[in-house]
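Asks: Take a look at the following structure, please.
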Amino acid sequence: MRYLTAGESHGPQLTLIIEGLPSRLPISKEKVDNELARRQKGYGRGRRMQIESDEIRILSGIRFGMTTGAPVALSIENKDWKKWKDIMDVHPDEEKAAKRRVSRPRPGHADLNGAIKYNHRDMRDVLERSSARETAARVAAGAVARQLLEYCGIRLAGHVVRIGSVGARRLTGWTAAAIAEKSEASPVRCLDPEAEKEMIRLIDEAKQEGDSLGGVVEVVVENVPVGLGSHVHWDRKLDARIVQAVVSINAFKGAEIGIGFEAGELKGSQVHDEILWSEEKGFHRASNRLGGFEGGMTNGEPIVVRGVMKPIPTLYKPLRSVDLDTKEPFEASIERSDNCAVPAASVVAENVVAWEVARALLETFSSDTAEDLLRDVVRRREEARRF
């Protein structure tokens with residue numbers, strides 16, 4: 001299973017093509033639209049989210065609410081495009097091309113290195129595609145994938161564990177359903193009420209100072225069958241693929257599985273999960289410090305992954321840069337921006353993780369039809385219990 005996205009931040013639409021879905025998988029447009037709506041929420045979001053009201057248009061691959069096995073094509077309209085038609089015109093026009101030309105690279109963005117790589121003298125050709133607007137299409141792909149996971153009894157949820165200097169207490173024993181309900185009720189998607197208040201205060205403070213904030217999000221996936229991924233080759237390790245997917249989200253600079261980097265500070269006896277057995281569960285772990293993985297494969301415990309997002313680089317307190325044409329120093333220009341997108345990024349993280357788990361599921365089990373897939377997943381769960 002794979003997907004491609006196309007489109008610019010101020011172009012007419014985002015386009016998404018998904019190839020490799022099994023046939024006869026129930027797909028709800030409303031569930032995809034709900035994920036897009038969740039992405040647009042969150043304390044600290046900017047004015048763009050007041051303009052857009054994202055929803056998908058299904059163009060192919062789904063008939064009467066079921067996948068057909070053919071590629072699925074979806075689009076998401078950019079409502080803001082109406083104001084940008086001249087600037088984003090596809091036809092040759094030197095006068096229009098000179099409008100809103102970007103020659104001043106912004107620190108922390110792809111502007112300068114993208115311009116050098118692709119030889120663009122107008123860096124709008126870089127920033128339009130490198131914009132986090134593209135994550136709307138990735139969320140739509142993940143929203144389709146998580147419906148495949150739900151079909152197989154797999155649930156996932158995300159939440160915010162840190163914004164700036166404020167960290168939430170580490171809470172254990174939460175189900176994905178409980179995490180989803182609690183985080184959805186929080187403006188910063190945090191499960192800790194005390195931390196939530198401090199996060200909101202910190203966001204307000206940063207906004208007044210013209211600054212921005214980053215943070216850390218966590219995604220939990222439960223009821224995952226044993227054996228997704230593989231130990232036999234580096235590019236088939238599912239934990240590695242999940243980390244790559246999380247770090248590929250705009251502004252994310254790192255990811256960890258389970259206790260992650262903390263493992264480097266502890267003794268082995270404090271890190272590894274002891275193996276237990278019972279008639280009811282079969283083999284299982286006494287703890288889940290390794291976040292559901294051993295040897296690049298799922299071990300039946302919940303997948304736990306965290307990603308760290310740097311502060312948004314567009315600041316209302318501009319940083320220094322140098323003009324592309326004159327080579328003169330200047331203070332970086334401001335494109336419309338959030339001052340904290342961590343709560344929204346939590347939703348993006350959920351959906352990129354959902355995609356990778358769903359992809360591994362289809363690689364592991366028969367998947368021409370949704371019924372084939374579910375049959376094999378149920379059989380694997382029972383085989384693992386009786387092993």
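Chain labels A, B, ... are given in the sequence in which chains occur in the structure tokens; within each chain residues are numbered consecutively from 1, and ligands are likewise numbered from 1 in the order shown.
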Might you pull out every residue within 9 Å of segment 279-293 of chain A, with only C-alpha atoms counted and same-chain residues fewer than 5 positions away left off, and present them as number ranges by chain?

Replies: A: 220-221, 224, 238-239, 257-260, 263, 270-274, 298-305, 384-387

Asks: Export N, CA, C and O atoms of the chosen residues as a CSV table (one decimal), in the first residue's frame?

Replies:
```csv
chain,number,residue,atom,x,y,z
A,220,VAL,N,-0.5,6.0,20.8
A,220,VAL,CA,-0.7,4.7,21.4
A,220,VAL,C,-1.6,3.8,20.4
A,220,VAL,O,-2.6,4.3,20.0
A,221,VAL,N,-1.1,2.7,20.1
A,221,VAL,CA,-1.9,1.8,19.2
A,221,VAL,C,-2.1,0.4,19.9
A,221,VAL,O,-1.1,-0.2,20.3
A,224,VAL,N,-2.6,-4.8,18.7
A,224,VAL,CA,-1.8,-5.0,17.5
A,224,VAL,C,-1.4,-6.5,17.5
A,224,VAL,O,-0.9,-7.0,18.5
A,238,LEU,N,9.4,-2.5,11.6
A,238,LEU,CA,8.3,-1.5,11.7
A,238,LEU,C,8.5,-0.4,12.6
A,238,LEU,O,8.1,0.7,12.3
A,239,ASP,N,9.3,-0.6,13.7
A,239,ASP,CA,9.5,0.5,14.6
A,239,ASP,C,10.3,1.6,13.9
A,239,ASP,O,10.1,2.8,14.0
A,257,ILE,N,10.6,5.2,20.6
A,257,ILE,CA,9.6,4.1,20.9
A,257,ILE,C,9.7,3.8,22.3
A,257,ILE,O,10.8,3.6,22.9
A,258,GLY,N,8.5,3.6,23.0
A,258,GLY,CA,8.5,3.3,24.4
A,258,GLY,C,9.2,4.3,25.2
A,258,GLY,O,9.0,5.5,25.1
A,259,ILE,N,10.1,3.9,26.1
A,259,ILE,CA,10.8,4.9,27.0
A,259,ILE,C,11.9,5.6,26.2
A,259,ILE,O,12.5,6.5,26.7
A,260,GLY,N,12.2,5.1,25.0
A,260,GLY,CA,13.1,5.8,24.1
A,260,GLY,C,14.5,6.1,24.7
A,260,GLY,O,15.2,5.3,25.2
A,263,ALA,N,16.1,5.0,28.0
A,263,ALA,CA,16.7,3.7,28.1
A,263,ALA,C,18.2,3.8,28.2
A,263,ALA,O,18.9,2.9,28.8
A,270,GLN,N,16.1,-2.4,34.3
A,270,GLN,CA,15.1,-1.4,34.4
A,270,GLN,C,14.4,-1.1,33.0
A,270,GLN,O,13.6,-0.2,32.9
A,271,VAL,N,14.9,-1.7,32.0
A,271,VAL,CA,14.5,-1.4,30.6
A,271,VAL,C,13.7,-2.5,30.0
A,271,VAL,O,12.6,-2.3,29.5
A,272,HIS,N,14.2,-3.8,30.1
A,272,HIS,CA,13.6,-4.9,29.3
A,272,HIS,C,12.3,-5.4,30.0
A,272,HIS,O,12.2,-5.4,31.2
A,273,ASP,N,11.4,-5.8,29.2
A,273,ASP,CA,10.0,-6.2,29.7
A,273,ASP,C,10.0,-7.7,29.9
A,273,ASP,O,10.2,-8.5,28.9
A,274,GLU,N,9.8,-8.2,31.1
A,274,GLU,CA,9.8,-9.6,31.4
A,274,GLU,C,8.6,-10.3,30.7
A,274,GLU,O,7.5,-9.7,30.6
A,298,THR,N,6.4,-6.2,16.2
A,298,THR,CA,5.4,-6.0,17.2
A,298,THR,C,5.4,-7.2,18.1
A,298,THR,O,5.5,-8.4,17.6
A,299,ASN,N,5.2,-7.0,19.4
A,299,ASN,CA,5.2,-8.2,20.3
A,299,ASN,C,3.9,-8.4,21.0
A,299,ASN,O,3.7,-9.2,21.9
A,300,GLY,N,2.8,-7.7,20.5
A,300,GLY,CA,1.5,-7.8,21.1
A,300,GLY,C,1.1,-6.8,22.1
A,300,GLY,O,-0.1,-6.6,22.4
A,301,GLU,N,2.1,-6.1,22.7
A,301,GLU,CA,1.8,-5.0,23.6
A,301,GLU,C,1.5,-3.7,22.8
A,301,GLU,O,1.8,-3.7,21.6
A,302,PRO,N,0.8,-2.8,23.4
A,302,PRO,CA,0.5,-1.5,22.6
A,302,PRO,C,1.8,-0.9,22.1
A,302,PRO,O,2.8,-0.8,22.7
A,303,ILE,N,1.7,-0.4,20.9
A,303,ILE,CA,2.7,0.4,20.3
A,303,ILE,C,2.7,1.8,20.9
A,303,ILE,O,1.6,2.4,21.0
A,304,VAL,N,3.8,2.3,21.4
A,304,VAL,CA,3.9,3.6,22.0
A,304,VAL,C,5.0,4.4,21.3
A,304,VAL,O,6.2,4.0,21.4
A,305,VAL,N,4.7,5.5,20.7
A,305,VAL,CA,5.7,6.3,20.0
A,305,VAL,C,5.5,7.8,20.3
A,305,VAL,O,4.4,8.2,20.4
A,384,ALA,N,-1.1,-16.9,18.3
A,384,ALA,CA,-0.2,-16.4,19.2
A,384,ALA,C,-0.6,-16.7,20.7
A,384,ALA,O,0.3,-17.0,21.5
A,385,ARG,N,-1.9,-16.7,20.9
A,385,ARG,CA,-2.4,-17.0,22.2
A,385,ARG,C,-2.1,-18.5,22.6
A,385,ARG,O,-1.8,-18.8,23.8
A,386,ARG,N,-2.1,-19.3,21.6
A,386,ARG,CA,-2.0,-20.8,21.9
A,386,ARG,C,-0.5,-21.2,21.8
A,386,ARG,O,-0.2,-22.4,22.0
A,387,PHE,N,0.4,-20.4,21.3
A,387,PHE,CA,1.7,-20.8,21.0
A,387,PHE,C,2.5,-21.4,22.2
A,387,PHE,O,2.4,-20.9,23.3
```

Asks: Can you pull out the residues contacting Gly142 of chain A? Cut-off 8 Å, using only C-alpha atoms, and skip same-chain residues under 6 positions away; I want them as a tab-separated table (two decimals) with all heavy atoms, in the first residue's frame.

Replies:
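Contents of selection.tsv, as written:
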```tsv
chain	number	residue	atom	x	y	z
A	350	GLU	N	-0.92	10.82	14.83
A	350	GLU	CA	-1.81	9.66	14.90
A	350	GLU	C	-1.98	9.04	13.53
A	350	GLU	O	-1.91	7.81	13.35
A	350	GLU	CB	-3.20	10.08	15.39
A	350	GLU	CG	-3.35	10.35	16.86
A	350	GLU	CD	-4.77	10.77	17.19
A	350	GLU	OE1	-5.71	10.13	16.65
A	350	GLU	OE2	-4.96	11.72	17.96
A	351	ASN	N	-2.21	9.88	12.54
A	351	ASN	CA	-2.57	9.37	11.23
A	351	ASN	C	-1.40	8.86	10.42
A	351	ASN	O	-1.55	7.92	9.64
A	351	ASN	CB	-3.37	10.44	10.48
A	351	ASN	CG	-4.80	10.53	10.99
A	351	ASN	OD1	-5.62	9.66	10.73
A	351	ASN	ND2	-5.10	11.56	11.77
A	352	VAL	N	-0.20	9.42	10.62
A	352	VAL	CA	0.95	8.83	9.92
A	352	VAL	C	1.32	7.50	10.55
A	352	VAL	O	1.77	6.57	9.85
A	352	VAL	CB	2.17	9.78	9.86
A	352	VAL	CG1	1.81	11.09	9.16
A	352	VAL	CG2	2.78	10.04	11.22
A	353	VAL	N	1.14	7.37	11.87
A	353	VAL	CA	1.38	6.08	12.52
A	353	VAL	C	0.35	5.05	12.06
A	353	VAL	O	0.68	3.89	11.76
A	353	VAL	CB	1.37	6.23	14.06
A	353	VAL	CG1	1.40	4.86	14.74
A	353	VAL	CG2	2.55	7.07	14.52
A	354	ALA	N	-0.92	5.49	11.97
A	354	ALA	CA	-1.98	4.59	11.49
A	354	ALA	C	-1.63	4.04	10.11
A	354	ALA	O	-1.82	2.85	9.82
A	354	ALA	CB	-3.32	5.33	11.45
A	355	TRP	N	-1.10	4.91	9.25
A	355	TRP	CA	-0.74	4.48	7.90
A	355	TRP	C	0.32	3.39	7.93
A	355	TRP	O	0.19	2.37	7.25
A	355	TRP	CB	-0.25	5.66	7.07
A	355	TRP	CG	0.20	5.22	5.71
A	355	TRP	CD1	1.46	4.84	5.33
A	355	TRP	CD2	-0.64	5.00	4.57
A	355	TRP	NE1	1.47	4.43	4.03
A	355	TRP	CE2	0.20	4.52	3.53
A	355	TRP	CE3	-1.99	5.20	4.31
A	355	TRP	CZ2	-0.29	4.23	2.27
A	355	TRP	CZ3	-2.48	4.90	3.04
A	355	TRP	CH2	-1.64	4.42	2.04
```

Asks: Contacts of Leu21 of chain A at 10 Å or less, counting only C-alpha atoms, minus same-chain residues fewer than 4 places along, as a list in words?

Replies: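 Those residues are Met1, Arg2, Leu25, Gly61, Thr67, Thr68, Gly69, Ala70, Pro71, Val72, Val144, Ala145, Leu148, Ala358, Arg359, Leu362, Ser367, Asp368, Thr369 and Ala370 of chain A.
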
Asks: In segment 179-276 of chain A, what's strand (DSSP E) per DSSP? Answer as JSON, numbers by chain?

Replies: {"A": [215, 216, 217, 218, 219, 220, 221, 222, 252, 253, 254, 255, 256, 257, 275, 276]}

Asks: If you measure from atom CA of Trp81 of chain A to atom CA of Arg57 of chain A, what distance in Å do you get, rounded to one decimal?

Replies: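 Separation of atom CA of Trp81 of chain A and atom CA of Arg57 of chain A: 16.7 Å.
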
Asks: What's around Asp89 of chain A at 12 Å? Count only C-alpha atoms, leave out sequence neighbours fewer than 3 positions away in its own chain, and write the answer as a PyMOL selection string.

Replies: chain A and resi 8+10-12+81-86+92-99+125

Asks: For the residues in that selection, give me N, CA and C atoms as an mmCIF file, in the first residue's frame.

Replies:
```
data_model
loop_
_atom_site.group_PDB
_atom_site.id
_atom_site.type_symbol
_atom_site.label_atom_id
_atom_site.label_comp_id
_atom_site.auth_asym_id
_atom_site.auth_seq_id
_atom_site.Cartn_x
_atom_site.Cartn_y
_atom_site.Cartn_z
ATOM 1 N N GLU A 8 -0.273 22.620 -3.652
ATOM 2 C CA GLU A 8 0.429 23.673 -2.950
ATOM 3 C C GLU A 8 -0.466 24.286 -1.877
ATOM 4 N N HIS A 10 -1.372 27.343 -1.444
ATOM 5 C CA HIS A 10 -2.358 28.283 -1.972
ATOM 6 C C HIS A 10 -2.819 27.900 -3.375
ATOM 7 N N GLY A 11 -2.642 26.642 -3.753
ATOM 8 C CA GLY A 11 -3.180 26.146 -5.016
ATOM 9 C C GLY A 11 -4.657 25.818 -4.869
ATOM 10 N N PRO A 12 -5.292 25.340 -5.932
ATOM 11 C CA PRO A 12 -6.736 25.079 -5.875
ATOM 12 C C PRO A 12 -7.138 23.926 -4.969
ATOM 13 N N TRP A 81 -7.562 29.694 -2.066
ATOM 14 C CA TRP A 81 -6.988 29.820 -3.409
ATOM 15 C C TRP A 81 -7.617 30.964 -4.201
ATOM 16 N N LYS A 82 -8.879 31.261 -3.948
ATOM 17 C CA LYS A 82 -9.571 32.302 -4.714
ATOM 18 C C LYS A 82 -8.834 33.634 -4.655
ATOM 19 N N LYS A 83 -8.160 33.891 -3.519
ATOM 20 C CA LYS A 83 -7.416 35.141 -3.370
ATOM 21 C C LYS A 83 -6.010 35.052 -3.980
ATOM 22 N N TRP A 84 -5.618 33.868 -4.404
ATOM 23 C CA TRP A 84 -4.250 33.647 -4.869
ATOM 24 C C TRP A 84 -4.196 33.200 -6.334
ATOM 25 N N LYS A 85 -5.303 33.305 -7.060
ATOM 26 C CA LYS A 85 -5.348 32.784 -8.433
ATOM 27 C C LYS A 85 -4.250 33.381 -9.315
ATOM 28 N N ASP A 86 -4.075 34.711 -9.243
ATOM 29 C CA ASP A 86 -3.058 35.350 -10.080
ATOM 30 C C ASP A 86 -1.652 34.911 -9.694
ATOM 31 N N PRO A 92 2.164 30.895 -18.353
ATOM 32 C CA PRO A 92 3.272 31.862 -18.362
ATOM 33 C C PRO A 92 2.752 33.301 -18.297
ATOM 34 N N ASP A 93 3.279 34.073 -17.378
ATOM 35 C CA ASP A 93 2.858 35.473 -17.240
ATOM 36 C C ASP A 93 3.867 36.178 -16.333
ATOM 37 N N GLU A 94 4.781 36.948 -16.950
ATOM 38 C CA GLU A 94 5.856 37.574 -16.185
ATOM 39 C C GLU A 94 5.330 38.582 -15.169
ATOM 40 N N GLU A 95 4.276 39.299 -15.535
ATOM 41 C CA GLU A 95 3.728 40.308 -14.627
ATOM 42 C C GLU A 95 3.160 39.658 -13.369
ATOM 43 N N LYS A 96 2.393 38.598 -13.565
ATOM 44 C CA LYS A 96 1.835 37.887 -12.417
ATOM 45 C C LYS A 96 2.939 37.225 -11.593
ATOM 46 N N ALA A 97 3.952 36.711 -12.281
ATOM 47 C CA ALA A 97 5.039 36.012 -11.588
ATOM 48 C C ALA A 97 5.802 36.959 -10.661
ATOM 49 N N ALA A 98 5.802 38.251 -10.991
ATOM 50 C CA ALA A 98 6.524 39.217 -10.168
ATOM 51 C C ALA A 98 5.769 39.572 -8.885
ATOM 52 N N LYS A 99 4.468 39.289 -8.861
ATOM 53 C CA LYS A 99 3.666 39.606 -7.678
ATOM 54 C C LYS A 99 4.042 38.676 -6.520
ATOM 55 N N ASP A 125 8.025 29.075 -4.866
ATOM 56 C CA ASP A 125 7.959 27.729 -5.450
ATOM 57 C C ASP A 125 8.404 26.660 -4.460
#
```

Asks: Provide the atom CA of Ala141 of chain A to atom CA of Arg38 of chain A distance in Å, to one decimal place.

Replies: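 Interatomic distance, atom CA of Ala141 of chain A to atom CA of Arg38 of chain A: 14.3 Å.
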
Asks: Residues near segment 113-124 of chain A, anyone? I mean within 10 Å using only C-alpha atoms, not counting same-chain ones fewer than 4 positions away, as an mmCIF file with all heavy atoms, in the first residue's frame.

Replies:
```cif
data_model
loop_
_atom_site.group_PDB
_atom_site.id
_atom_site.type_symbol
_atom_site.label_atom_id
_atom_site.label_comp_id
_atom_site.auth_asym_id
_atom_site.auth_seq_id
_atom_site.Cartn_x
_atom_site.Cartn_y
_atom_site.Cartn_z
ATOM 1 N N GLU A 8 -0.273 22.620 -3.652
ATOM 2 C CA GLU A 8 0.429 23.673 -2.950
ATOM 3 C C GLU A 8 -0.466 24.286 -1.877
ATOM 4 O O GLU A 8 -1.686 24.148 -1.920
ATOM 5 C CB GLU A 8 0.882 24.765 -3.923
ATOM 6 C CG GLU A 8 2.019 24.363 -4.838
ATOM 7 C CD GLU A 8 1.572 23.478 -5.997
ATOM 8 O OE1 GLU A 8 0.474 23.703 -6.529
ATOM 9 O OE2 GLU A 8 2.330 22.549 -6.357
ATOM 10 N N ILE A 87 -1.403 34.860 -8.401
ATOM 11 C CA ILE A 87 -0.055 34.522 -7.914
ATOM 12 C C ILE A 87 0.291 33.070 -8.207
ATOM 13 O O ILE A 87 1.455 32.737 -8.452
ATOM 14 C CB ILE A 87 0.033 34.832 -6.411
ATOM 15 C CG1 ILE A 87 -0.136 36.339 -6.187
ATOM 16 C CG2 ILE A 87 1.360 34.366 -5.821
ATOM 17 C CD1 ILE A 87 -0.417 36.712 -4.765
ATOM 18 N N MET A 88 -0.730 32.184 -8.201
ATOM 19 C CA MET A 88 -0.493 30.758 -8.414
ATOM 20 C C MET A 88 -0.903 30.297 -9.816
ATOM 21 O O MET A 88 -1.099 29.102 -10.053
ATOM 22 C CB MET A 88 -1.248 29.952 -7.352
ATOM 23 C CG MET A 88 -0.840 30.249 -5.923
ATOM 24 S SD MET A 88 0.906 29.927 -5.614
ATOM 25 C CE MET A 88 0.959 28.145 -5.806
ATOM 26 N N ALA A 97 3.952 36.711 -12.281
ATOM 27 C CA ALA A 97 5.039 36.012 -11.588
ATOM 28 C C ALA A 97 5.802 36.959 -10.661
ATOM 29 O O ALA A 97 6.377 36.521 -9.651
ATOM 30 C CB ALA A 97 5.991 35.381 -12.594
ATOM 31 N N ALA A 98 5.802 38.251 -10.991
ATOM 32 C CA ALA A 98 6.524 39.217 -10.168
ATOM 33 C C ALA A 98 5.769 39.572 -8.885
ATOM 34 O O ALA A 98 6.360 40.093 -7.937
ATOM 35 C CB ALA A 98 6.785 40.486 -10.970
ATOM 36 N N ARG A 100 4.187 39.238 -5.359
ATOM 37 C CA ARG A 100 4.453 38.483 -4.135
ATOM 38 C C ARG A 100 5.656 37.543 -4.284
ATOM 39 O O ARG A 100 5.695 36.472 -3.680
ATOM 40 C CB ARG A 100 3.214 37.679 -3.713
ATOM 41 C CG ARG A 100 1.965 38.483 -3.428
ATOM 42 C CD ARG A 100 2.094 39.265 -2.130
ATOM 43 N NE ARG A 100 2.099 38.410 -0.965
ATOM 44 C CZ ARG A 100 0.999 37.986 -0.334
ATOM 45 N NH1 ARG A 100 -0.205 38.348 -0.769
ATOM 46 N NH2 ARG A 100 1.076 37.227 0.736
ATOM 47 N N ARG A 101 6.627 37.933 -5.117
ATOM 48 C CA ARG A 101 7.839 37.121 -5.255
ATOM 49 C C ARG A 101 8.567 37.080 -3.916
ATOM 50 O O ARG A 101 8.656 38.078 -3.209
ATOM 51 C CB ARG A 101 8.745 37.706 -6.328
ATOM 52 C CG ARG A 101 10.072 36.959 -6.484
ATOM 53 C CD ARG A 101 10.879 37.500 -7.663
ATOM 54 N NE ARG A 101 12.198 36.903 -7.667
ATOM 55 C CZ ARG A 101 13.281 37.449 -7.102
ATOM 56 N NH1 ARG A 101 13.177 38.622 -6.493
ATOM 57 N NH2 ARG A 101 14.455 36.837 -7.141
ATOM 58 N N VAL A 102 9.091 35.921 -3.569
ATOM 59 C CA VAL A 102 9.791 35.747 -2.295
ATOM 60 C C VAL A 102 11.284 35.618 -2.564
ATOM 61 O O VAL A 102 11.740 34.625 -3.153
ATOM 62 C CB VAL A 102 9.271 34.509 -1.532
ATOM 63 C CG1 VAL A 102 10.026 34.332 -0.225
ATOM 64 C CG2 VAL A 102 7.770 34.628 -1.274
ATOM 65 N N SER A 103 12.039 36.613 -2.149
ATOM 66 C CA SER A 103 13.501 36.575 -2.326
ATOM 67 C C SER A 103 14.216 36.586 -0.984
ATOM 68 O O SER A 103 15.451 36.614 -0.946
ATOM 69 C CB SER A 103 13.965 37.767 -3.168
ATOM 70 O OG SER A 103 13.737 38.981 -2.463
ATOM 71 N N ARG A 104 13.439 36.569 0.100
ATOM 72 C CA ARG A 104 14.028 36.652 1.427
ATOM 73 C C ARG A 104 13.766 35.357 2.203
ATOM 74 O O ARG A 104 12.656 35.117 2.671
ATOM 75 C CB ARG A 104 13.465 37.860 2.170
ATOM 76 C CG ARG A 104 13.870 39.167 1.514
ATOM 77 C CD ARG A 104 13.369 40.366 2.300
ATOM 78 N NE ARG A 104 14.093 41.572 1.957
ATOM 79 C CZ ARG A 104 14.002 42.720 2.607
ATOM 80 N NH1 ARG A 104 13.178 42.812 3.657
ATOM 81 N NH2 ARG A 104 14.704 43.771 2.229
ATOM 82 N N PRO A 105 14.763 34.490 2.331
ATOM 83 C CA PRO A 105 14.563 33.190 2.985
ATOM 84 C C PRO A 105 14.335 33.344 4.488
ATOM 85 O O PRO A 105 14.975 34.163 5.153
ATOM 86 C CB PRO A 105 15.868 32.446 2.711
ATOM 87 C CG PRO A 105 16.886 33.529 2.500
ATOM 88 C CD PRO A 105 16.146 34.660 1.853
ATOM 89 N N ARG A 106 13.418 32.550 5.018
ATOM 90 C CA ARG A 106 13.085 32.589 6.441
ATOM 91 C C ARG A 106 13.867 31.506 7.185
ATOM 92 O O ARG A 106 13.851 30.345 6.790
ATOM 93 C CB ARG A 106 11.577 32.373 6.634
ATOM 94 C CG ARG A 106 10.700 33.403 5.942
ATOM 95 C CD ARG A 106 9.275 32.895 5.773
ATOM 96 N NE ARG A 106 9.253 31.682 4.962
ATOM 97 C CZ ARG A 106 8.215 30.832 4.904
ATOM 98 N NH1 ARG A 106 7.130 31.061 5.613
ATOM 99 N NH2 ARG A 106 8.286 29.763 4.142
ATOM 100 N N HIS A 109 12.987 27.425 7.770
ATOM 101 C CA HIS A 109 12.127 26.919 6.695
ATOM 102 C C HIS A 109 12.981 26.263 5.604
ATOM 103 O O HIS A 109 14.213 26.354 5.610
ATOM 104 C CB HIS A 109 11.321 28.063 6.082
ATOM 105 C CG HIS A 109 10.201 28.541 6.941
ATOM 106 N ND1 HIS A 109 8.928 28.016 6.878
ATOM 107 C CD2 HIS A 109 10.162 29.509 7.887
ATOM 108 C CE1 HIS A 109 8.152 28.648 7.749
ATOM 109 N NE2 HIS A 109 8.873 29.552 8.370
ATOM 110 N N GLU A 128 5.472 26.979 -0.959
ATOM 111 C CA GLU A 128 4.110 26.517 -1.228
ATOM 112 C C GLU A 128 3.972 25.014 -1.026
ATOM 113 O O GLU A 128 2.943 24.535 -0.561
ATOM 114 C CB GLU A 128 3.687 26.883 -2.656
ATOM 115 C CG GLU A 128 3.340 28.340 -2.850
ATOM 116 C CD GLU A 128 2.023 28.727 -2.187
ATOM 117 O OE1 GLU A 128 1.166 27.840 -1.991
ATOM 118 O OE2 GLU A 128 1.861 29.921 -1.859
ATOM 119 N N ARG A 129 5.002 24.266 -1.369
ATOM 120 C CA ARG A 129 4.936 22.806 -1.229
ATOM 121 C C ARG A 129 5.477 22.346 0.120
ATOM 122 O O ARG A 129 5.008 21.343 0.676
ATOM 123 C CB ARG A 129 5.712 22.140 -2.368
ATOM 124 C CG ARG A 129 5.724 20.617 -2.321
ATOM 125 C CD ARG A 129 4.328 20.014 -2.391
ATOM 126 N NE ARG A 129 4.379 18.559 -2.294
ATOM 127 C CZ ARG A 129 3.324 17.768 -2.174
ATOM 128 N NH1 ARG A 129 2.111 18.284 -2.148
ATOM 129 N NH2 ARG A 129 3.465 16.464 -2.089
ATOM 130 N N SER A 130 6.451 23.070 0.668
ATOM 131 C CA SER A 130 7.010 22.655 1.956
ATOM 132 C C SER A 130 6.101 23.028 3.119
ATOM 133 O O SER A 130 6.335 22.610 4.254
ATOM 134 C CB SER A 130 8.399 23.272 2.158
ATOM 135 O OG SER A 130 8.303 24.684 2.267
ATOM 136 N N LEU A 324 18.148 37.164 -1.045
ATOM 137 C CA LEU A 324 18.687 36.325 -2.112
ATOM 138 C C LEU A 324 19.324 37.168 -3.215
ATOM 139 O O LEU A 324 20.355 36.802 -3.779
ATOM 140 C CB LEU A 324 17.555 35.471 -2.704
ATOM 141 C CG LEU A 324 17.924 34.257 -3.533
ATOM 142 C CD1 LEU A 324 18.594 33.202 -2.674
ATOM 143 C CD2 LEU A 324 16.655 33.660 -4.176
ATOM 144 N N ASP A 325 18.727 38.312 -3.550
ATOM 145 C CA ASP A 325 19.195 39.134 -4.669
ATOM 146 C C ASP A 325 20.313 40.086 -4.261
ATOM 147 O O ASP A 325 21.370 40.130 -4.891
ATOM 148 C CB ASP A 325 18.033 39.946 -5.252
ATOM 149 C CG ASP A 325 16.923 39.060 -5.801
ATOM 150 O OD1 ASP A 325 17.236 37.942 -6.256
ATOM 151 O OD2 ASP A 325 15.757 39.476 -5.763
#
```

Asks: Could you tell me, as a PyMOL selection string, which residues of segment 34-194 of chain A DSSP assigns to helix (DSSP H, G or I) when given the backbone?

Replies: chain A and resi 34-39+48-51+79-84+94-98+111-118+124-130+132-151+176-184+193-194

Asks: Which is closer to Val342 of chain A than all the others in A:Gly20, A:Gly173, A:Pro26, A:Gly158, using only C-alpha atoms?

Replies: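 That would be A:Gly158, the residue with the smallest distance to Val342 of chain A.
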
Asks: May I ask for the distance between atom CA of Gln40 of chain A and atom CA of Cys340 of chain A, given in Å to one decimal place?

Replies: 12.2 Å

Asks: Can you list, as a PDB file with N, CA and C atoms, in the first residue's frame, every protein, DNA or RNA residue that comes within 7 Å of Ser60 of chain A when you count only C-alpha atoms, leaving out same-chain residues fewer than 2 positions away?

Replies:
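So result_15.pdb came out as:
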```
ATOM      1  N   ILE A  58     -14.433  12.409  -2.795  1.00  0.00           N
ATOM      2  CA  ILE A  58     -14.012  11.085  -3.266  1.00  0.00           C
ATOM      3  C   ILE A  58     -14.176  11.033  -4.778  1.00  0.00           C
ATOM      4  N   ILE A  62     -13.959   4.032  -4.578  1.00  0.00           N
ATOM      5  CA  ILE A  62     -14.959   3.717  -3.551  1.00  0.00           C
ATOM      6  C   ILE A  62     -16.341   3.796  -4.189  1.00  0.00           C
ATOM      7  N   VAL A  72      -7.663   4.645  -4.881  1.00  0.00           N
ATOM      8  CA  VAL A  72      -8.611   5.610  -4.321  1.00  0.00           C
ATOM      9  C   VAL A  72      -8.037   7.003  -4.524  1.00  0.00           C
ATOM     10  N   ALA A  73      -8.796   7.887  -5.148  1.00  0.00           N
ATOM     11  CA  ALA A  73      -8.376   9.271  -5.360  1.00  0.00           C
ATOM     12  C   ALA A  73      -9.275  10.197  -4.555  1.00  0.00           C
TER      13      ALA A  73
END
```

Asks: Determine, counting only C-alpha atoms, which protein, DNA and RNA residues have an atom within 9 Å of an atom of Leu374 of chain A; residues of the same chain fewer than 4 positions away are not included. Present the result as a ChimeraX atom specification.

Replies: /A:151-153,365-367,369-370,378-379

Asks: Write a file of the selected residues as a short mmCIF file (atom, residue, chain, number, x, y, z; two decimals), in the first residue's frame, keeping C-alpha atoms.

Replies:
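As a result, part07.cif now contains:
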```cif
data_model
loop_
_atom_site.label_atom_id
_atom_site.label_comp_id
_atom_site.auth_asym_id
_atom_site.auth_seq_id
_atom_site.Cartn_x
_atom_site.Cartn_y
_atom_site.Cartn_z
CA TYR A 151 -12.01 -3.15 10.82
CA CYS A 152 -9.37 -5.47 12.30
CA GLY A 153 -10.05 -4.41 15.90
CA PHE A 365 -1.53 -11.00 5.86
CA SER A 366 -3.66 -11.88 2.83
CA SER A 367 -5.27 -8.67 1.67
CA THR A 369 -10.25 -8.45 0.19
CA ALA A 370 -11.03 -7.00 3.62
CA VAL A 378 -8.01 -13.26 13.80
CA ARG A 379 -6.12 -16.48 13.08
#
```
